[in-house]
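For reference, protein.txt is printed below; it contains compact mmCIF, C-alpha atoms and all ligand atoms.
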# COMPACT_ATOMS: atom_id res chain seq x y z
CA MET A 29 -91.55 -75.01 -91.60
CA LYS A 30 -93.60 -72.24 -93.15
CA GLN A 31 -95.71 -72.37 -96.25
CA LEU A 32 -97.37 -69.82 -98.50
CA ILE A 33 -99.07 -69.76 -101.86
CA VAL A 34 -98.37 -67.53 -104.84
CA ASP A 35 -101.89 -66.87 -106.02
CA LEU A 36 -102.02 -66.85 -109.83
CA ASP A 37 -105.18 -68.75 -110.80
CA ASP A 38 -104.20 -71.96 -112.60
CA ARG A 39 -100.52 -71.06 -112.27
CA SER A 40 -100.63 -70.82 -108.45
CA TYR A 41 -97.87 -72.59 -106.54
CA PRO A 42 -96.63 -73.21 -103.00
CA ILE A 43 -93.43 -72.00 -101.36
CA TYR A 44 -92.08 -74.10 -98.47
CA ILE A 45 -89.46 -72.54 -96.22
CA GLY A 46 -87.64 -74.32 -93.40
CA GLU A 47 -84.64 -76.15 -92.08
CA GLY A 48 -83.94 -79.61 -93.54
CA ILE A 49 -86.26 -79.54 -96.55
CA LEU A 50 -83.49 -80.96 -98.74
CA ASP A 51 -83.66 -84.22 -96.76
CA GLN A 52 -87.27 -84.69 -97.82
CA ILE A 53 -87.16 -83.48 -101.42
CA SER A 54 -88.88 -86.54 -102.85
CA THR A 55 -91.75 -86.21 -100.37
CA PHE A 56 -92.55 -82.79 -101.81
CA PHE A 57 -92.22 -84.09 -105.37
CA ARG A 58 -94.66 -86.91 -104.61
CA LYS A 59 -97.06 -84.61 -102.77
CA HIS A 60 -97.23 -82.32 -105.78
CA GLN A 61 -97.45 -85.16 -108.28
CA ILE A 62 -94.28 -84.39 -110.19
CA ASN A 63 -94.24 -86.88 -113.04
CA ASP A 64 -92.01 -89.91 -112.44
CA GLN A 65 -92.39 -91.53 -115.87
CA SER A 66 -90.16 -89.06 -117.71
CA PRO A 67 -86.62 -88.18 -116.61
CA LEU A 68 -85.96 -85.03 -114.54
CA MET A 69 -82.99 -82.75 -115.06
CA ILE A 70 -81.30 -80.98 -112.14
CA ILE A 71 -79.37 -77.87 -113.10
CA THR A 72 -76.88 -76.47 -110.59
CA ASP A 73 -73.47 -74.78 -110.47
CA ASP A 74 -70.03 -76.03 -109.54
CA ASN A 75 -70.03 -74.41 -106.08
CA ILE A 76 -73.35 -75.93 -105.09
CA ALA A 77 -72.94 -79.35 -106.69
CA PRO A 78 -70.31 -80.69 -104.25
CA LEU A 79 -72.40 -79.48 -101.30
CA TYR A 80 -75.98 -80.49 -102.12
CA LEU A 81 -76.41 -82.23 -105.46
CA LYS A 82 -75.87 -85.78 -104.23
CA LYS A 83 -78.45 -85.39 -101.45
CA VAL A 84 -81.10 -84.27 -103.92
CA ILE A 85 -80.28 -86.97 -106.49
CA VAL A 86 -80.28 -89.79 -103.92
CA SER A 87 -83.58 -88.66 -102.40
CA LEU A 88 -85.25 -88.54 -105.81
CA GLN A 89 -83.76 -91.80 -107.09
CA GLU A 90 -84.71 -93.69 -103.94
CA SER A 91 -88.26 -92.56 -104.54
CA GLY A 92 -88.22 -93.89 -108.11
CA TYR A 93 -87.40 -90.80 -110.17
CA LYS A 94 -85.04 -90.99 -113.16
CA VAL A 95 -82.63 -88.11 -112.78
CA CYS A 96 -79.91 -86.47 -114.87
CA GLU A 97 -77.83 -83.43 -114.02
CA TYR A 98 -76.11 -80.46 -115.62
CA ILE A 99 -73.48 -78.49 -113.71
CA VAL A 100 -72.64 -75.00 -115.00
CA PRO A 101 -69.65 -72.91 -113.93
CA ALA A 102 -70.72 -70.61 -111.05
CA GLY A 103 -71.31 -67.01 -112.05
CA GLU A 104 -73.36 -64.70 -114.19
CA SER A 105 -71.65 -65.77 -117.45
CA SER A 106 -73.50 -69.09 -117.32
CA LYS A 107 -76.77 -67.25 -118.00
CA SER A 108 -76.12 -67.40 -121.74
CA LEU A 109 -77.63 -68.78 -124.93
CA SER A 110 -74.59 -71.00 -125.52
CA VAL A 111 -75.05 -72.68 -122.11
CA LEU A 112 -78.78 -73.03 -122.83
CA GLU A 113 -77.92 -74.76 -126.10
CA LYS A 114 -75.55 -77.22 -124.39
CA ILE A 115 -78.11 -78.02 -121.70
CA THR A 116 -80.77 -78.60 -124.35
CA GLY A 117 -78.46 -81.12 -126.06
CA VAL A 118 -77.89 -83.04 -122.84
CA ALA A 119 -81.62 -82.96 -122.07
CA LEU A 120 -82.41 -84.48 -125.47
CA ASP A 121 -79.73 -87.17 -125.05
CA ALA A 122 -81.14 -88.03 -121.62
CA GLY A 123 -84.61 -88.46 -123.09
CA LEU A 124 -86.39 -85.53 -121.48
CA ASP A 125 -89.83 -84.97 -122.96
CA ARG A 126 -92.88 -82.72 -122.52
CA LYS A 127 -93.73 -84.31 -119.18
CA SER A 128 -90.23 -83.94 -117.73
CA SER A 129 -89.40 -81.31 -115.12
CA ILE A 130 -86.35 -79.12 -114.72
CA VAL A 131 -85.05 -78.66 -111.17
CA ALA A 132 -83.11 -75.48 -110.38
CA LEU A 133 -80.77 -76.12 -107.44
CA GLY A 134 -78.95 -72.88 -106.67
CA GLY A 135 -79.02 -69.12 -106.51
CA GLY A 136 -80.52 -66.62 -108.91
CA VAL A 137 -78.13 -67.50 -111.72
CA VAL A 138 -79.14 -71.15 -111.75
CA GLY A 139 -82.81 -70.28 -111.14
CA ASP A 140 -83.01 -67.81 -114.04
CA LEU A 141 -81.10 -70.10 -116.42
CA ALA A 142 -82.89 -73.35 -115.49
CA GLY A 143 -86.22 -71.52 -115.54
CA PHE A 144 -85.55 -70.32 -119.07
CA VAL A 145 -84.47 -73.81 -120.14
CA ALA A 146 -87.83 -75.02 -118.80
CA ALA A 147 -89.72 -72.19 -120.52
CA SER A 148 -88.16 -72.92 -123.90
CA PHE A 149 -87.63 -76.70 -123.97
CA MET A 150 -90.40 -78.16 -126.16
CA ARG A 151 -92.18 -74.77 -125.76
CA GLY A 152 -92.35 -75.09 -121.99
CA ILE A 153 -92.10 -77.83 -119.40
CA PRO A 154 -92.57 -77.66 -115.60
CA PHE A 155 -89.81 -76.56 -113.28
CA ILE A 156 -89.08 -76.59 -109.57
CA GLN A 157 -87.05 -74.01 -107.71
CA ILE A 158 -84.72 -75.11 -104.90
CA PRO A 159 -83.09 -71.79 -103.94
CA THR A 160 -79.79 -71.87 -102.05
CA THR A 161 -79.02 -68.16 -101.63
CA ILE A 162 -80.79 -65.47 -99.62
CA LEU A 163 -81.13 -63.36 -102.74
CA ALA A 164 -83.00 -66.23 -104.37
CA HIS A 165 -86.04 -65.53 -102.12
CA ASP A 166 -86.49 -62.78 -104.67
CA SER A 167 -85.44 -64.51 -107.89
CA SER A 168 -87.20 -67.84 -107.29
CA VAL A 169 -90.61 -66.23 -106.79
CA GLY A 170 -92.43 -64.47 -109.59
CA GLY A 171 -91.67 -66.42 -112.73
CA LYS A 172 -89.25 -64.06 -114.43
CA VAL A 173 -86.66 -66.29 -116.10
CA ALA A 174 -83.93 -65.25 -118.50
CA VAL A 175 -80.46 -65.49 -119.92
CA ASN A 176 -78.19 -62.57 -120.79
CA HIS A 177 -77.04 -61.23 -124.15
CA PRO A 178 -73.55 -59.67 -124.38
CA LYS A 179 -75.32 -56.34 -124.96
CA ALA A 180 -77.89 -56.57 -122.15
CA LYS A 181 -78.68 -58.50 -118.99
CA ASN A 182 -81.83 -60.65 -118.76
CA ILE A 183 -82.90 -59.56 -122.25
CA ILE A 184 -83.76 -63.05 -123.57
CA GLY A 185 -86.41 -64.39 -121.25
CA ALA A 186 -89.95 -65.34 -120.43
CA PHE A 187 -92.55 -65.40 -117.70
CA HIS A 188 -92.67 -69.03 -116.58
CA GLN A 189 -93.93 -69.83 -113.08
CA PRO A 190 -92.44 -72.79 -111.18
CA GLN A 191 -94.49 -75.71 -109.83
CA MET A 192 -93.18 -75.06 -106.34
CA VAL A 193 -90.34 -73.44 -104.42
CA LEU A 194 -88.52 -75.58 -101.84
CA TYR A 195 -86.38 -73.34 -99.64
CA ASP A 196 -84.11 -75.15 -97.21
CA THR A 197 -82.66 -72.52 -94.86
CA SER A 198 -79.85 -74.86 -93.74
CA THR A 199 -78.22 -74.54 -97.18
CA LEU A 200 -77.60 -70.85 -96.49
CA ARG A 201 -74.93 -71.66 -93.88
CA THR A 202 -72.34 -72.37 -96.58
CA LEU A 203 -72.82 -69.02 -98.31
CA PRO A 204 -69.89 -66.58 -98.38
CA GLU A 205 -70.47 -63.68 -95.96
CA ARG A 206 -70.61 -61.08 -98.73
CA GLU A 207 -73.38 -63.05 -100.49
CA ILE A 208 -75.34 -63.26 -97.23
CA LYS A 209 -75.34 -59.49 -96.79
CA ALA A 210 -76.12 -58.85 -100.45
CA GLY A 211 -79.11 -61.20 -100.24
CA LEU A 212 -80.35 -59.55 -97.06
CA SER A 213 -80.36 -56.24 -98.92
CA GLU A 214 -83.31 -57.39 -101.10
CA LEU A 215 -85.04 -58.72 -98.00
CA ILE A 216 -84.71 -55.32 -96.33
CA LYS A 217 -86.06 -53.75 -99.52
CA HIS A 218 -89.23 -55.83 -99.30
CA GLY A 219 -89.91 -54.48 -95.80
CA LEU A 220 -89.22 -50.88 -96.80
CA ILE A 221 -91.58 -50.90 -99.78
CA TRP A 222 -94.48 -52.82 -98.30
CA ASP A 223 -94.52 -53.59 -94.60
CA ALA A 224 -93.46 -51.12 -91.89
CA LYS A 225 -93.69 -53.81 -89.20
CA PHE A 226 -91.33 -56.12 -91.08
CA ALA A 227 -89.04 -53.15 -91.79
CA GLU A 228 -88.85 -52.48 -88.05
CA TRP A 229 -88.25 -56.16 -87.34
CA ASN A 230 -85.33 -56.04 -89.78
CA GLN A 231 -83.91 -53.04 -87.90
CA LEU A 232 -84.07 -54.94 -84.62
CA ASN A 233 -82.84 -58.35 -85.76
CA ALA A 234 -79.73 -57.63 -87.82
CA GLU A 235 -77.44 -59.54 -85.52
CA LYS A 236 -79.57 -62.68 -85.55
CA LEU A 237 -80.08 -62.62 -89.30
CA LEU A 238 -76.41 -62.03 -90.02
CA ALA A 239 -75.63 -65.03 -87.77
CA LEU A 240 -78.16 -67.05 -89.83
CA ASP A 241 -80.24 -67.92 -86.78
CA SER A 242 -82.63 -70.53 -88.08
CA GLU A 243 -85.91 -69.17 -86.72
CA SER A 244 -85.10 -65.59 -87.70
CA LEU A 245 -84.15 -66.65 -91.22
CA GLU A 246 -87.34 -68.61 -91.64
CA TYR A 247 -89.39 -65.65 -90.45
CA ALA A 248 -87.57 -63.13 -92.63
CA LEU A 249 -87.57 -65.25 -95.78
CA TYR A 250 -91.24 -66.04 -95.23
CA ASN A 251 -92.04 -62.33 -95.07
CA GLY A 252 -89.81 -61.47 -98.02
CA CYS A 253 -91.38 -64.19 -100.18
CA LYS A 254 -94.86 -63.19 -98.99
CA ILE A 255 -94.40 -59.60 -100.07
CA LYS A 256 -92.89 -60.61 -103.41
CA ALA A 257 -95.67 -63.17 -103.94
CA HIS A 258 -98.34 -60.61 -103.13
CA VAL A 259 -96.97 -58.01 -105.53
CA VAL A 260 -96.56 -60.63 -108.27
CA SER A 261 -100.11 -61.91 -107.74
CA GLU A 262 -101.44 -58.40 -108.29
CA ASP A 263 -99.29 -57.73 -111.34
CA GLU A 264 -97.76 -60.87 -112.85
CA ARG A 265 -96.38 -59.21 -116.00
CA GLU A 266 -95.18 -55.90 -114.65
CA ASN A 267 -97.84 -53.59 -115.99
CA GLY A 268 -97.93 -51.46 -112.87
CA LEU A 269 -97.52 -52.38 -109.20
CA ARG A 270 -94.60 -54.77 -109.78
CA ALA A 271 -92.41 -51.75 -110.53
CA ILE A 272 -92.30 -50.92 -106.80
CA LEU A 273 -89.92 -53.88 -106.47
CA ASN A 274 -87.42 -51.68 -108.29
CA PHE A 275 -86.89 -49.52 -105.20
CA GLY A 276 -83.14 -48.80 -105.11
CA HIS A 277 -82.63 -50.38 -108.52
CA THR A 278 -82.56 -47.24 -110.68
CA ILE A 279 -79.35 -45.96 -109.11
CA GLY A 280 -78.31 -49.53 -108.23
CA HIS A 281 -78.35 -50.81 -111.82
CA ALA A 282 -76.37 -47.78 -112.98
CA LEU A 283 -73.73 -48.48 -110.32
CA GLU A 284 -73.53 -52.13 -111.39
CA ALA A 285 -73.15 -51.04 -115.00
CA VAL A 286 -70.25 -48.67 -114.36
CA SER A 287 -68.39 -50.68 -111.70
CA GLN A 288 -66.41 -52.88 -114.08
CA TYR A 289 -63.54 -53.29 -111.63
CA ASN A 290 -64.02 -54.00 -107.92
CA LYS A 291 -67.47 -55.01 -109.00
CA LEU A 292 -70.34 -54.36 -106.65
CA LEU A 293 -72.70 -57.26 -105.97
CA HIS A 294 -76.32 -56.58 -106.95
CA GLY A 295 -77.44 -56.36 -103.31
CA GLU A 296 -74.63 -53.93 -102.49
CA ALA A 297 -75.45 -51.70 -105.45
CA ILE A 298 -79.14 -51.53 -104.57
CA ALA A 299 -78.32 -50.82 -100.89
CA ILE A 300 -76.63 -47.61 -102.07
CA GLY A 301 -79.52 -47.10 -104.51
CA MET A 302 -82.09 -47.41 -101.70
CA VAL A 303 -80.28 -44.80 -99.62
CA GLY A 304 -80.35 -42.52 -102.69
CA ALA A 305 -84.02 -43.17 -103.40
CA ALA A 306 -84.82 -42.56 -99.72
CA LYS A 307 -83.00 -39.22 -99.87
CA LEU A 308 -84.92 -38.37 -103.03
CA SER A 309 -88.18 -39.22 -101.24
CA VAL A 310 -87.34 -36.69 -98.52
CA HIS A 311 -86.47 -34.08 -101.17
CA LEU A 312 -89.92 -34.64 -102.64
CA GLY A 313 -91.52 -33.73 -99.32
CA TYR A 314 -91.94 -37.05 -97.57
CA PRO A 315 -90.86 -37.60 -93.93
CA GLN A 316 -87.21 -37.30 -92.94
CA ARG A 317 -87.39 -40.67 -91.15
CA ILE A 318 -87.47 -42.46 -94.52
CA TYR A 319 -83.87 -41.47 -95.16
CA LYS A 320 -82.74 -41.90 -91.55
CA GLU A 321 -84.14 -45.40 -91.22
CA THR A 322 -83.08 -46.61 -94.66
CA LYS A 323 -79.52 -45.49 -94.00
CA SER A 324 -79.42 -46.94 -90.50
CA VAL A 325 -80.74 -50.36 -91.53
CA MET A 326 -78.11 -50.65 -94.30
CA LYS A 327 -75.39 -49.76 -91.78
CA LYS A 328 -76.64 -52.38 -89.32
CA TYR A 329 -76.29 -55.06 -92.00
CA GLY A 330 -72.83 -53.90 -93.03
CA LEU A 331 -74.08 -52.87 -96.47
CA PRO A 332 -72.52 -49.96 -98.37
CA ILE A 333 -74.37 -46.64 -98.23
CA GLN A 334 -72.09 -44.51 -100.39
CA ILE A 335 -70.91 -44.58 -103.98
CA PRO A 336 -67.24 -45.57 -104.24
CA ASN A 337 -65.09 -42.58 -105.19
CA HIS A 338 -63.61 -44.11 -108.32
CA LEU A 339 -67.01 -44.21 -110.03
CA ASN A 340 -67.66 -41.24 -112.29
CA VAL A 341 -70.92 -39.27 -111.83
CA ASP A 342 -71.29 -38.53 -115.57
CA GLU A 343 -71.02 -42.24 -116.35
CA ILE A 344 -73.51 -43.14 -113.63
CA MET A 345 -76.02 -40.58 -114.97
CA GLU A 346 -75.47 -41.81 -118.54
CA ALA A 347 -76.08 -45.43 -117.47
CA MET A 348 -79.23 -44.41 -115.61
CA LEU A 349 -80.71 -42.54 -118.55
CA HIS A 350 -80.28 -45.61 -120.75
CA ASP A 351 -82.04 -47.89 -118.30
CA LYS A 352 -85.26 -49.50 -119.51
CA LYS A 353 -87.04 -48.08 -116.45
CA PHE A 354 -86.81 -44.61 -117.97
CA SER A 355 -89.79 -45.03 -120.23
CA GLU A 356 -90.64 -42.58 -122.99
CA GLY A 357 -87.94 -40.15 -121.98
CA GLN A 358 -89.50 -39.74 -118.54
CA VAL A 359 -87.52 -40.38 -115.42
CA VAL A 360 -89.39 -43.02 -113.40
CA PHE A 361 -88.34 -43.66 -109.83
CA THR A 362 -89.66 -45.84 -107.04
CA ILE A 363 -89.71 -43.68 -103.94
CA LEU A 364 -91.17 -44.09 -100.45
CA LYS A 365 -94.04 -41.98 -99.15
CA ASP A 366 -93.24 -43.52 -95.80
CA ILE A 367 -91.58 -46.67 -94.49
CA GLY A 368 -93.62 -49.55 -95.90
CA GLU A 369 -95.31 -47.44 -98.57
CA ALA A 370 -93.73 -47.33 -102.02
CA HIS A 371 -94.84 -45.12 -104.86
CA ILE A 372 -93.93 -44.77 -108.53
CA GLN A 373 -93.03 -41.20 -109.31
CA ARG A 374 -92.64 -39.87 -112.84
CA GLY A 375 -91.03 -36.75 -114.22
CA ILE A 376 -88.41 -36.13 -111.54
CA SER A 377 -85.87 -33.51 -112.59
CA ILE A 378 -82.57 -34.92 -113.81
CA ASP A 379 -80.75 -32.15 -111.94
CA LEU A 380 -82.25 -33.31 -108.66
CA ILE A 381 -81.21 -36.90 -109.35
CA ARG A 382 -77.70 -35.74 -110.18
CA GLU A 383 -77.52 -33.80 -106.94
CA ILE A 384 -78.58 -36.91 -105.01
CA VAL A 385 -75.97 -39.05 -106.81
CA GLU A 386 -73.23 -36.48 -106.11
CA ASN A 387 -74.13 -36.41 -102.44
CA LEU A 388 -73.99 -40.21 -102.25
CA ARG A 389 -70.30 -40.24 -103.08
CA LEU A 390 -67.71 -41.14 -100.46
P1 LIG A 401 -75.63 -66.67 -107.73
O1 LIG A 401 -76.63 -67.64 -108.18
O2 LIG A 401 -74.50 -66.35 -108.63
O3 LIG A 401 -75.05 -67.17 -106.32
C1 LIG A 401 -74.04 -66.41 -105.69
C2 LIG A 401 -72.80 -67.25 -105.40
O4 LIG A 401 -73.06 -68.12 -104.30
C3 LIG A 401 -72.37 -68.16 -106.55
O5 LIG A 401 -70.99 -68.19 -106.60
C4 LIG A 401 -72.93 -69.52 -106.15
O6 LIG A 401 -72.20 -70.58 -106.70
C5 LIG A 401 -72.78 -69.48 -104.66
N1 LIG A 401 -73.73 -70.27 -103.90
C6 LIG A 401 -75.06 -70.40 -104.11
N2 LIG A 401 -75.64 -71.09 -103.14
C7 LIG A 401 -74.66 -71.43 -102.28
C8 LIG A 401 -74.64 -72.13 -101.05
N3 LIG A 401 -75.76 -72.55 -100.47
N4 LIG A 401 -73.45 -72.31 -100.44
C9 LIG A 401 -72.31 -71.81 -100.99
N5 LIG A 401 -72.28 -71.11 -102.13
C10 LIG A 401 -73.43 -70.93 -102.77
O7 LIG A 401 -76.28 -65.26 -107.36
P2 LIG A 401 -77.62 -64.79 -106.63
O8 LIG A 401 -77.22 -63.59 -105.91
O9 LIG A 401 -78.31 -65.88 -105.92
O10 LIG A 401 -78.54 -64.39 -107.88
C11 LIG A 401 -78.17 -63.40 -108.80
C12 LIG A 401 -78.91 -63.59 -110.08
O11 LIG A 401 -80.31 -63.55 -109.81
C13 LIG A 401 -78.66 -62.56 -111.14
O12 LIG A 401 -78.38 -63.20 -112.36
C14 LIG A 401 -79.95 -61.77 -111.25
O13 LIG A 401 -80.21 -61.29 -112.54
C15 LIG A 401 -80.96 -62.82 -110.84
N6 LIG A 401 -82.21 -62.28 -110.29
C16 LIG A 401 -83.37 -62.68 -110.86
C17 LIG A 401 -84.58 -62.23 -110.37
C18 LIG A 401 -85.85 -62.71 -110.97
O14 LIG A 401 -86.92 -62.20 -110.65
N7 LIG A 401 -85.80 -63.71 -111.81
C19 LIG A 401 -84.62 -61.36 -109.28
C20 LIG A 401 -83.41 -60.98 -108.71
C21 LIG A 401 -82.20 -61.44 -109.22
MG MG A 402 -82.94 -56.98 -107.48
What is this structure when it is put down as structure tokens?
Amino acid sequence: MKQLIVDLDDRSYPIYIGEGILDQISTFFRKHQINDQSPLMIITDDNIAPLYLKKVIVSLQESGYKVCEYIVPAGESSKSLSVLEKITGVALDAGLDRKSSIVALGGGVVGDLAGFVAASFMRGIPFIQIPTTILAHDSSVGGKVAVNHPKAKNIIGAFHQPQMVLYDTSTLRTLPEREIKAGLSELIKHGLIWDAKFAEWNQLNAEKLLALDSESLEYALYNGCKIKAHVVSEDERENGLRAILNFGHTIGHALEAVSQYNKLLHGEAIAIGMVGAAKLSVHLGYPQRIYKETKSVMKKYGLPIQIPNHLNVDEIMEAMLHDKKFSEGQVVFTILKDIGEAHIQRGISIDLIREIVENLRL
């Protein structure tokens, strides 16, 4: 098992990563003095509940915790104000109070939703992240929690840091293959923006990671969380450095926005976006290897590297220009100066971006 700390003064918290953590959940709760006088609420989704909910409930109850649960339908649509309202009702009926904790058992959807329940219930109560997807190495660290509005994703939210993150790598074995690859895409991103050695390791260990080899997963998730934790510690509320985490996301978000049918997963969209941003980096005068290596690592992980033909370039450009990352009319892009070295670049010509997008098409 590996451990690291997200260093945020009085809001600092540990992340534990390893095989079999779910079997010892209550030990971690006791170790970190999670209150056992008030009831806890576990929030999860209906794919995860049949697999892992009972284990968590039994472990906590045997240790003397009072536990209630709320199971949402799997999928992005559960990140909504109406679901938040229903959960709040159940929490009140179950007697949750200011000293209660919310436990998020699941992927990024559950983590974001449960985190926002915790941030808003009685103006904020503690919460614990138990991530069960690879992508959730990203979403469970950093304290950004939110629900969606029909007009915009993640627009109703807060910064609310968890008490701890308990990452059991054995839960990842039940993930659908497409979700595994999409989660690995964010992990690869963390290497590319921050750590050339980890980026190289990712190039060399695709086979092991895709096979969910336990030691490799632990190592990779540890490094991914470490990079995310470091960036968040430097810039908790996204005033500067945190924007480098958006590498691949400018084009990626636009692709997600316009791919209504045959929807791309987030990790797939940003894989294409990273290839585009790498190409842009080379256009701006940085080494050719940035593009070569970004493209080759995506290929090794079976991630898409080209924009599907049915997506319209005008619509992609339109979606990009409306993105909140384009501040004050300026085009802001995270590019790489080299592998492991990200940089925020302003004022890039729209024509150049359009050329890159056109060249990314199948
Ligand atoms: P998800 O939570 O929808 O999980 C993906 C799918 O896998 C779901 O169908 C889920 O039921 C299923 N699943 C989860 N764990 C499983 C397991 N162990 N075995 C079998 N099936 C399992 O999606 P995600 O990719 O984890 O997260 C995406 C969400 O994360 C988005 O809403 C995004 O906005 C959010 N996000 C937040 C942050 C942040 O900083 N807060 C960062 C990145 C992404
Ligand atoms: Mg992302």
Go through A:Leu232, A:Ile153, A:Ala142, A:Ala122 one by one, measure the shortest atom-to-atom distance of each to A:Tyr329 using all atoms listed in the file, and give the residue with the smallest value.
-> A:Leu232
Counting all atoms listed in the file, which protein, DNA or RNA residues come within 12 Å of ligand MG 402 (chain A), given as a PDB file with C-alpha atoms, keeping the file's coordinate frame?
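Result file is part.pdb:
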ATOM      1  CA  GLY A 136     -80.520 -66.620-108.910  1.00  0.00           C
ATOM      2  CA  ILE A 162     -80.790 -65.470 -99.620  1.00  0.00           C
ATOM      3  CA  LEU A 163     -81.130 -63.360-102.740  1.00  0.00           C
ATOM      4  CA  ALA A 164     -83.000 -66.230-104.370  1.00  0.00           C
ATOM      5  CA  HIS A 165     -86.040 -65.530-102.120  1.00  0.00           C
ATOM      6  CA  ASP A 166     -86.490 -62.780-104.670  1.00  0.00           C
ATOM      7  CA  SER A 167     -85.440 -64.510-107.890  1.00  0.00           C
ATOM      8  CA  SER A 168     -87.200 -67.840-107.290  1.00  0.00           C
ATOM      9  CA  LYS A 172     -89.250 -64.060-114.430  1.00  0.00           C
ATOM     10  CA  ASN A 182     -81.830 -60.650-118.760  1.00  0.00           C
ATOM     11  CA  ALA A 210     -76.120 -58.850-100.450  1.00  0.00           C
ATOM     12  CA  GLY A 211     -79.110 -61.200-100.240  1.00  0.00           C
ATOM     13  CA  LEU A 212     -80.350 -59.550 -97.060  1.00  0.00           C
ATOM     14  CA  SER A 213     -80.360 -56.240 -98.920  1.00  0.00           C
ATOM     15  CA  GLU A 214     -83.310 -57.390-101.100  1.00  0.00           C
ATOM     16  CA  LEU A 215     -85.040 -58.720 -98.000  1.00  0.00           C
ATOM     17  CA  ILE A 216     -84.710 -55.320 -96.330  1.00  0.00           C
ATOM     18  CA  LYS A 217     -86.060 -53.750 -99.520  1.00  0.00           C
ATOM     19  CA  HIS A 218     -89.230 -55.830 -99.300  1.00  0.00           C
ATOM     20  CA  LYS A 256     -92.890 -60.610-103.410  1.00  0.00           C
ATOM     21  CA  ALA A 271     -92.410 -51.750-110.530  1.00  0.00           C
ATOM     22  CA  ILE A 272     -92.300 -50.920-106.800  1.00  0.00           C
ATOM     23  CA  LEU A 273     -89.920 -53.880-106.470  1.00  0.00           C
ATOM     24  CA  ASN A 274     -87.420 -51.680-108.290  1.00  0.00           C
ATOM     25  CA  PHE A 275     -86.890 -49.520-105.200  1.00  0.00           C
ATOM     26  CA  GLY A 276     -83.140 -48.800-105.110  1.00  0.00           C
ATOM     27  CA  HIS A 277     -82.630 -50.380-108.520  1.00  0.00           C
ATOM     28  CA  THR A 278     -82.560 -47.240-110.680  1.00  0.00           C
ATOM     29  CA  ILE A 279     -79.350 -45.960-109.110  1.00  0.00           C
ATOM     30  CA  GLY A 280     -78.310 -49.530-108.230  1.00  0.00           C
ATOM     31  CA  HIS A 281     -78.350 -50.810-111.820  1.00  0.00           C
ATOM     32  CA  GLU A 284     -73.530 -52.130-111.390  1.00  0.00           C
ATOM     33  CA  LEU A 293     -72.700 -57.260-105.970  1.00  0.00           C
ATOM     34  CA  HIS A 294     -76.320 -56.580-106.950  1.00  0.00           C
ATOM     35  CA  GLY A 295     -77.440 -56.360-103.310  1.00  0.00           C
ATOM     36  CA  GLU A 296     -74.630 -53.930-102.490  1.00  0.00           C
ATOM     37  CA  ALA A 297     -75.450 -51.700-105.450  1.00  0.00           C
ATOM     38  CA  ILE A 298     -79.140 -51.530-104.570  1.00  0.00           C
ATOM     39  CA  ALA A 299     -78.320 -50.820-100.890  1.00  0.00           C
ATOM     40  CA  GLY A 301     -79.520 -47.100-104.510  1.00  0.00           C
ATOM     41  CA  MET A 302     -82.090 -47.410-101.700  1.00  0.00           C
TER      42      MET A 302
END
Counting all atoms listed in the file, name the residues that have an atom within 9 Å of an atom of ligand LIG 401 (chain A); the answer should be given as a PyMOL selection string.
-> chain A and resi 72-77+79-80+101-105+107+133-141+143+159-176+181-182+197-204+207-208+210-211+214+293-295
What separation in Å, quoted to one decimal, exists between atom CA of A:Ile49 and atom CA of A:Leu36?
->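 Taking atom CA of A:Ile49 and atom CA of A:Leu36, their separation equals 24.2 Å.
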Who sits within 7 Å of A:Ile335, only C-alpha atoms, same chain under 6 positions skipped, as JSON, numbers by chain | {"A": [300, 388, 389, 390]}
Can you spit out the residues from that selection as a tab-separated table (two decimals), in the coordinates of the input, using C-alpha atoms?
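Result written to selection_37.tsv:
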chain	number	residue	atom	x	y	z
A	300	ILE	CA	-76.63	-47.61	-102.07
A	388	LEU	CA	-73.99	-40.21	-102.25
A	389	ARG	CA	-70.30	-40.24	-103.08
A	390	LEU	CA	-67.71	-41.14	-100.46
Hey, can you check how far atom CA of A:Ser128 sits from atom CA of A:Ser66?
->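 It comes out at 5.1 Å.
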Counting all atoms listed in the file, the option among A:Gln31, A:Gln316, A:Gln288, A:Ser309 closest to A:Ile372 = A:Ser309
Which is closer to A:Leu269 than all the others in A:Ser244, A:Thr362, A:Gln334, A:Gln191, using only C-alpha atoms?
-> A:Thr362
Please identify all polymer residues within 12 Å of A:Leu68, counting only C-alpha atoms, omitting same-chain residues fewer than 6 positions from it, and present them as an MDAnalysis selection string.
-> chainID A and resid 57 62 84:85 88:89 92:98 118:120 122:132 146 153:156
Would you list the contacts of stretch 383-386 of chain A as a ChimeraX atom specification, taking every protein, DNA or RNA residue within 7 Å and counting only C-alpha atoms, but skipping same-chain residues closer than 2 positions in sequence?
-> /A:304,308,341,379-381,388-389
What gap, in Å, lies between atom CA of A:Lys225 and atom CA of A:Arg206?
->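 Pair atom CA of A:Lys225 / atom CA of A:Arg206 returns 26.0 Å.
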Minimum-distance residue to A:Ala370, chosen among A:Trp222, A:Tyr250, A:Trp229, A:Tyr314 (using all atoms listed in the file) |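 Smallest distance to A:Ala370 is found for A:Trp222.
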Hey, which of A:Asn340, A:Asn230, A:Ser54, A:Gln65 ends up closest to A:Arg382? Count only C-alpha atoms.
->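 Looking at the shortest contact to A:Arg382, the residue is A:Asn340.
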A:Leu220, A:Ala227, A:Cys253, A:Leu112 ranked by distance to A:Pro42, top pick (using all atoms listed in the file) =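 Ranked by minimum distance to A:Pro42, first place goes to A:Cys253.
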Which residues come within 9 Å of A:Lys254, counting only C-alpha atoms, excluding same-chain residues fewer than 5 positions away, as a VMD selection string?
-> chain A and resid 32 to 34 249 259
